[in-house]
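Q: If it helps, the file is called start_11.csv and holds CSV, N, CA and C atoms:
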```csv
chain,number,residue,atom,x,y,z
A,162,MET,N,5.2,-15.2,-7.7
A,162,MET,CA,5.6,-13.8,-7.8
A,162,MET,C,5.5,-13.1,-6.4
A,163,THR,N,4.4,-13.4,-5.7
A,163,THR,CA,4.2,-12.8,-4.4
A,163,THR,C,5.3,-13.3,-3.4
A,164,ALA,N,5.6,-14.5,-3.4
A,164,ALA,CA,6.7,-15.1,-2.6
A,164,ALA,C,8.0,-14.4,-2.9
A,165,LEU,N,8.3,-14.1,-4.1
A,165,LEU,CA,9.5,-13.5,-4.5
A,165,LEU,C,9.6,-12.0,-4.0
A,166,LEU,N,8.5,-11.3,-4.0
A,166,LEU,CA,8.4,-10.0,-3.5
A,166,LEU,C,8.6,-10.0,-2.0
A,167,ALA,N,8.0,-11.0,-1.3
A,167,ALA,CA,8.1,-11.1,0.2
A,167,ALA,C,9.5,-11.3,0.6
A,168,ILE,N,10.2,-12.2,-0.1
A,168,ILE,CA,11.6,-12.5,0.2
A,168,ILE,C,12.4,-11.3,-0.1
A,169,GLY,N,12.2,-10.6,-1.2
A,169,GLY,CA,12.9,-9.4,-1.5
A,169,GLY,C,12.8,-8.3,-0.4
A,170,ALA,N,11.6,-8.2,0.1
A,170,ALA,CA,11.3,-7.2,1.2
A,170,ALA,C,12.1,-7.6,2.4
A,171,LEU,N,12.1,-8.9,2.8
A,171,LEU,CA,12.8,-9.3,4.0
A,171,LEU,C,14.3,-9.2,3.8
A,172,VAL,N,14.8,-9.5,2.7
A,172,VAL,CA,16.3,-9.4,2.5
A,172,VAL,C,16.7,-7.9,2.4
A,173,ALA,N,15.9,-7.0,2.0
A,173,ALA,CA,16.2,-5.6,1.9
A,173,ALA,C,16.4,-5.0,3.3
A,174,GLY,N,15.8,-5.6,4.3
A,174,GLY,CA,15.9,-5.0,5.7
A,174,GLY,C,17.2,-5.4,6.3
A,175,CYS,N,18.0,-6.3,5.8
A,175,CYS,CA,19.2,-6.7,6.4
A,175,CYS,C,20.3,-5.7,6.0
A,176,ALA,N,21.1,-5.4,7.0
A,176,ALA,CA,22.2,-4.5,6.8
A,176,ALA,C,23.4,-4.9,7.6
A,177,HIS,N,24.6,-4.8,7.0
A,177,HIS,CA,25.8,-5.1,7.8
A,177,HIS,C,26.3,-3.8,8.5
A,178,VAL,N,26.5,-4.0,9.8
A,178,VAL,CA,26.9,-2.8,10.6
A,178,VAL,C,28.4,-3.0,10.8
A,179,LYS,N,29.1,-1.9,10.5
A,179,LYS,CA,30.6,-1.9,10.7
A,179,LYS,C,30.9,-1.8,12.2
A,180,PRO,N,32.1,-2.3,12.6
A,180,PRO,CA,32.4,-2.3,14.0
A,180,PRO,C,32.4,-0.8,14.6
A,181,TRP,N,32.9,0.1,13.8
A,181,TRP,CA,32.9,1.5,14.3
A,181,TRP,C,31.5,2.2,14.3
A,182,GLN,N,30.6,1.6,13.7
A,182,GLN,CA,29.2,2.1,13.7
A,182,GLN,C,28.4,1.5,14.9
A,183,ARG,N,28.9,0.5,15.5
A,183,ARG,CA,28.2,-0.2,16.6
A,183,ARG,C,28.2,0.7,17.9
A,184,GLU,N,29.2,1.5,18.0
A,184,GLU,CA,29.3,2.4,19.2
A,184,GLU,C,28.1,3.4,19.2
A,185,ARG,N,27.8,3.9,18.0
A,185,ARG,CA,26.7,4.9,17.9
A,185,ARG,C,25.4,4.2,18.2
A,186,LEU,N,25.2,3.0,17.7
A,186,LEU,CA,24.0,2.3,17.9
A,186,LEU,C,23.8,1.8,19.3
A,187,ALA,N,24.8,1.6,20.1
A,187,ALA,CA,24.8,1.1,21.4
A,187,ALA,C,24.6,2.2,22.5
A,188,LYS,N,24.4,3.4,22.1
A,188,LYS,CA,24.3,4.5,23.1
A,188,LYS,C,22.9,4.4,23.8
A,189,ALA,N,22.9,4.9,25.0
A,189,ALA,CA,21.7,4.7,25.8
A,189,ALA,C,20.4,5.4,25.2
A,190,LYS,N,20.6,6.5,24.5
A,190,LYS,CA,19.4,7.1,23.9
A,190,LYS,C,18.9,6.3,22.7
A,191,MET,N,19.6,5.4,22.2
A,191,MET,CA,19.1,4.6,21.1
A,191,MET,C,18.3,3.3,21.6
A,192,GLN,N,18.3,3.1,22.9
A,192,GLN,CA,17.6,1.9,23.4
A,192,GLN,C,16.1,2.1,23.4
A,193,LEU,N,15.3,1.1,23.3
A,193,LEU,CA,13.9,1.2,23.3
A,193,LEU,C,13.4,1.7,24.7
A,194,SER,N,13.9,1.1,25.7
A,194,SER,CA,13.6,1.5,27.1
A,194,SER,C,14.7,2.4,27.6
A,195,GLY,N,14.3,3.7,27.9
A,195,GLY,CA,15.4,4.6,28.3
A,195,GLY,C,15.9,4.4,29.7
A,196,ASP,N,16.1,5.5,30.4
A,196,ASP,CA,16.6,5.5,31.8
A,196,ASP,C,15.6,4.8,32.7
A,197,ALA,N,16.1,3.8,33.5
A,197,ALA,CA,15.2,3.0,34.4
A,197,ALA,C,14.5,3.9,35.4
A,198,GLN,N,15.3,4.9,36.0
A,198,GLN,CA,14.7,5.8,37.0
A,198,GLN,C,13.7,6.7,36.4
A,199,ALA,N,13.9,7.2,35.2
A,199,ALA,CA,12.9,8.1,34.6
A,199,ALA,C,11.7,7.3,34.2
A,200,THR,N,11.8,6.1,33.8
A,200,THR,CA,10.6,5.2,33.5
A,200,THR,C,9.8,5.0,34.7
A,201,GLU,N,10.5,4.7,35.8
A,201,GLU,CA,9.8,4.4,37.1
A,201,GLU,C,9.1,5.7,37.6
A,202,LEU,N,9.7,6.8,37.5
A,202,LEU,CA,9.1,8.1,37.9
A,202,LEU,C,7.9,8.4,37.0
A,203,GLU,N,8.0,8.2,35.7
A,203,GLU,CA,6.8,8.4,34.8
A,203,GLU,C,5.7,7.5,35.2
A,204,GLN,N,6.0,6.2,35.5
A,204,GLN,CA,5.0,5.3,35.9
A,204,GLN,C,4.3,5.7,37.2
A,205,HIS,N,5.1,6.2,38.2
A,205,HIS,CA,4.5,6.6,39.5
A,205,HIS,C,3.6,7.8,39.2
A,206,VAL,N,4.0,8.8,38.4
A,206,VAL,CA,3.2,10.0,38.1
A,206,VAL,C,1.9,9.5,37.4
A,207,TYR,N,2.0,8.6,36.5
A,207,TYR,CA,0.8,8.2,35.8
A,207,TYR,C,-0.2,7.5,36.8
A,208,GLU,N,0.4,6.6,37.6
A,208,GLU,CA,-0.5,5.9,38.6
A,208,GLU,C,-1.1,6.9,39.6
A,209,SER,N,-0.4,7.9,40.0
A,209,SER,CA,-1.0,8.9,40.9
A,209,SER,C,-2.0,9.8,40.2
A,210,ARG,N,-1.8,10.1,38.9
A,210,ARG,CA,-2.8,10.9,38.2
A,210,ARG,C,-4.0,10.1,37.9
A,211,GLU,N,-3.9,8.9,37.5
A,211,GLU,CA,-5.0,8.0,37.1
A,211,GLU,C,-5.8,7.5,38.4
A,212,GLY,N,-5.1,7.4,39.5
A,212,GLY,CA,-5.7,6.9,40.7
A,212,GLY,C,-5.8,5.4,40.7
A,213,SER,N,-4.9,4.8,39.9
A,213,SER,CA,-4.9,3.3,39.8
A,213,SER,C,-3.5,2.8,39.6
A,214,ALA,N,-3.2,1.6,39.9
A,214,ALA,CA,-1.9,1.0,39.7
A,214,ALA,C,-2.1,-0.4,39.3
A,215,GLY,N,-1.0,-0.9,38.6
A,215,GLY,CA,-1.0,-2.3,38.2
A,215,GLY,C,-1.0,-2.5,36.7
A,216,GLY,N,-1.0,-3.7,36.3
A,216,GLY,CA,-1.0,-4.0,34.9
A,216,GLY,C,0.4,-3.9,34.3
A,217,THR,N,1.4,-3.7,35.1
A,217,THR,CA,2.7,-3.6,34.5
A,217,THR,C,3.6,-4.8,34.9
A,218,GLY,N,3.0,-5.9,35.2
A,218,GLY,CA,3.7,-7.1,35.5
A,218,GLY,C,3.9,-7.4,36.9
A,219,GLY,N,3.1,-6.7,37.8
A,219,GLY,CA,3.2,-7.0,39.2
A,219,GLY,C,2.5,-8.3,39.6
A,220,ALA,N,2.7,-8.6,40.9
A,220,ALA,CA,2.0,-9.8,41.4
A,220,ALA,C,0.5,-9.7,41.5
A,221,GLY,N,-0.2,-10.7,41.6
A,221,GLY,CA,-1.6,-10.7,41.7
A,221,GLY,C,-2.3,-11.0,40.4
A,222,GLY,N,-3.5,-11.5,40.6
A,222,GLY,CA,-4.2,-11.9,39.4
A,222,GLY,C,-5.6,-11.2,39.2
A,223,GLY,N,-5.8,-10.2,40.0
A,223,GLY,CA,-7.1,-9.5,39.9
A,223,GLY,C,-8.2,-10.0,40.9
A,224,CYS,N,-7.9,-11.1,41.6
A,224,CYS,CA,-8.9,-11.7,42.5
A,224,CYS,C,-8.7,-11.2,43.9
A,225,GLY,N,-7.8,-10.3,44.1
A,225,GLY,CA,-7.6,-9.7,45.5
A,225,GLY,C,-6.5,-10.4,46.3
A,226,CYS,N,-6.0,-11.5,45.7
A,226,CYS,CA,-4.9,-12.2,46.4
A,226,CYS,C,-3.5,-11.8,45.8
A,227,ASN,N,-2.5,-11.8,46.6
A,227,ASN,CA,-1.2,-11.4,46.1
A,227,ASN,C,-0.3,-12.6,46.2
```
Kindly return the structure encoded in the file as structure tokens.
A:
Amino acid sequence: MTALLAIGALVAGCAHVKPWQRERLAKAKMQLSGDAQATELEQHVYESREGSAGGTGGAGGGCGCN
């Protein structure tokens, strides 16, 4: 019974998108990561405010070596 409910929940999340609906879904404001410049600026402001940088995928492993 539980497996049937799980499969039903997974199948309910599937939807067919019509070709004319894809244009609306492909707009920049619908993307998870927005404007690259805005994101970079926000990260710079955050690092300046916090007084620290890193942890966003940059080089180095925390041992002082790059």
Q: Quick one: pick out all alpha helix (DSSP H) residues within stretch 171-218 of chain A from a backbone DSSP run and write them as a list in words.
A: Leu171, Val172, Ala173, Pro180, Trp181, Gln182, Arg183, Glu184, Arg185, Leu186, Ala197, Gln198, Ala199, Thr200, Glu201, Leu202, Glu203, Gln204, His205, Val206, Tyr207, Glu208, Ser209, Arg210 and Glu211 of chain A
Q: Work out how far apart atom N of A:Ser213 and atom CA of A:Glu201 are and give it in Å to one decimal.
A: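 Going from atom N of A:Ser213 over to atom CA of A:Glu201, I get 15.0 Å.
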Q: Which distance in Å separates atom CA of A:Arg183 and atom CA of A:Leu171, to one decimal?
A: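 Spanning atom CA of A:Arg183 to atom CA of A:Leu171 is a straight-line distance of 21.9 Å.
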Q: Take atom C of A:Ser194 and atom C of A:Arg210 and report the distance between them in Å, one decimal.
A: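 Calculated distance between atom C of A:Ser194 and atom C of A:Arg210 is 22.7 Å.
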